[in-house]
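Have a look at the structure below, then the notes.
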Amino acid sequence: MKLSTDLYNFLLLMKKLFFRKPPLDLHGITHLEVQELVEDYVLSNQAYLPLQIITGNSQGMKNRVIKCLKEHGFSYQIGDAYNKGYIAVLK
């Protein structure tokens with residue numbers, strides 16, 4: 001599905017307004033490092049929810065992030081209709 005330039009720019013603007021903190025980008029991070037990085041990012045920025053964690057398309061990475069979020073009682077959403085490569089931490 002190809003988005004029009006106007007719609008794409010609008011969606012980028014909405015993400016910038018919705019997410020007040022820069023995302024945690026896990027590209028290049030090993031699965032062993034995920035727990036500590038996610039805990040640190042989410043716990044130190046929970047006053048700024050929602051947060052965005054970029055996982056890419058790795059189901060293993062998503063599973064590790066979700067496990068960590070559940071351990072700390074956070075709710076989340078996996079991506080949106082156009083991009084499933086991130087997890088939004090909601091509350």
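Order determines the names: the first chain of the structure tokens is A, the second B, and so forth; residues in each chain are numbered 1 upward, and ligands are numbered 1 upward as they are shown.
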
List the neighbours of region 56-70 of chain A out to 10 Å using only C-alpha atoms; skip same-chain residues closer than 2 positions along the sequence, and give me the result as a count of residues only.
32

For the structure I just gave you, how does DSSP split region 10-77 of chain A - specifically, which residues are helix (DSSP H, G or I)? Reply as a PDB file with C-alpha atoms, in the first residue's frame.
```
ATOM      1  CA  PHE A  10       0.417  14.045   8.397  1.00  0.00           C
ATOM      2  CA  LEU A  11       1.077  10.683  10.094  1.00  0.00           C
ATOM      3  CA  LEU A  12       4.656  11.710  10.894  1.00  0.00           C
ATOM      4  CA  LEU A  13       3.429  14.947  12.442  1.00  0.00           C
ATOM      5  CA  MET A  14       0.850  13.100  14.545  1.00  0.00           C
ATOM      6  CA  LYS A  15       3.522  10.732  15.868  1.00  0.00           C
ATOM      7  CA  LYS A  16       5.719  13.676  16.836  1.00  0.00           C
ATOM      8  CA  LEU A  17       2.834  15.249  18.734  1.00  0.00           C
ATOM      9  CA  PHE A  18       1.758  11.954  20.349  1.00  0.00           C
ATOM     10  CA  HIS A  31      18.318  -9.800  22.535  1.00  0.00           C
ATOM     11  CA  LEU A  32      20.372 -10.185  25.718  1.00  0.00           C
ATOM     12  CA  GLU A  33      20.551  -6.402  26.186  1.00  0.00           C
ATOM     13  CA  VAL A  34      16.844  -5.710  25.714  1.00  0.00           C
ATOM     14  CA  GLN A  35      15.576  -6.251  29.274  1.00  0.00           C
ATOM     15  CA  GLU A  36      17.935  -3.734  30.873  1.00  0.00           C
ATOM     16  CA  LEU A  37      17.539  -1.103  28.136  1.00  0.00           C
ATOM     17  CA  VAL A  38      13.745  -1.297  28.070  1.00  0.00           C
ATOM     18  CA  GLU A  39      13.463  -1.210  31.865  1.00  0.00           C
ATOM     19  CA  ASP A  40      15.740   1.818  32.092  1.00  0.00           C
ATOM     20  CA  TYR A  41      13.983   3.691  29.278  1.00  0.00           C
ATOM     21  CA  VAL A  42      10.424   3.009  30.409  1.00  0.00           C
ATOM     22  CA  LEU A  43      10.928   3.446  34.142  1.00  0.00           C
ATOM     23  CA  SER A  44      12.914   6.662  33.790  1.00  0.00           C
ATOM     24  CA  GLN A  46       7.099   6.922  32.568  1.00  0.00           C
ATOM     25  CA  ALA A  47       6.021  10.495  33.347  1.00  0.00           C
ATOM     26  CA  TYR A  48       6.083  11.114  29.577  1.00  0.00           C
ATOM     27  CA  GLN A  59       9.182 -11.232  16.625  1.00  0.00           C
ATOM     28  CA  GLY A  60      11.824 -12.325  19.144  1.00  0.00           C
ATOM     29  CA  MET A  61      12.666  -8.689  19.918  1.00  0.00           C
ATOM     30  CA  LYS A  62       8.979  -7.806  20.258  1.00  0.00           C
ATOM     31  CA  ASN A  63       8.424 -10.751  22.604  1.00  0.00           C
ATOM     32  CA  ARG A  64      11.279  -9.652  24.877  1.00  0.00           C
ATOM     33  CA  VAL A  65      10.021  -6.065  25.009  1.00  0.00           C
ATOM     34  CA  ILE A  66       6.462  -7.208  25.746  1.00  0.00           C
ATOM     35  CA  LYS A  67       7.665  -9.551  28.493  1.00  0.00           C
ATOM     36  CA  CYS A  68       9.524  -6.676  30.154  1.00  0.00           C
ATOM     37  CA  LEU A  69       6.531  -4.335  29.876  1.00  0.00           C
ATOM     38  CA  LYS A  70       4.217  -6.944  31.393  1.00  0.00           C
ATOM     39  CA  GLU A  71       6.621  -7.551  34.285  1.00  0.00           C
TER      40      GLU A  71
END
```

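On the backbone of this structure, DSSP gives strand (DSSP E or B) within chain A to Leu24, Asp25, Leu51, Gln52, Ile53, Ile54, Tyr76, Gln77, Ile78, Tyr86, Ile87, Ala88 and Val89 of chain A.
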
Just the selected residues (C-alpha atoms), exported as a compact mmCIF listing (two decimals), in the first residue's frame, please.
```
# COMPACT_ATOMS: atom_id res chain seq x y z
CA LEU A 24 14.15 3.81 22.13
CA ASP A 25 15.56 2.27 18.94
CA LEU A 51 6.55 6.09 24.73
CA GLN A 52 7.74 4.42 21.55
CA ILE A 53 10.11 1.46 21.35
CA ILE A 54 11.34 0.64 17.85
CA TYR A 76 1.13 -1.45 25.17
CA GLN A 77 0.11 -1.55 21.54
CA ILE A 78 2.06 -3.16 18.73
CA TYR A 86 7.38 -0.52 17.02
CA ILE A 87 5.62 -0.89 20.34
CA ALA A 88 3.79 2.03 21.96
CA VAL A 89 3.93 1.98 25.76
```
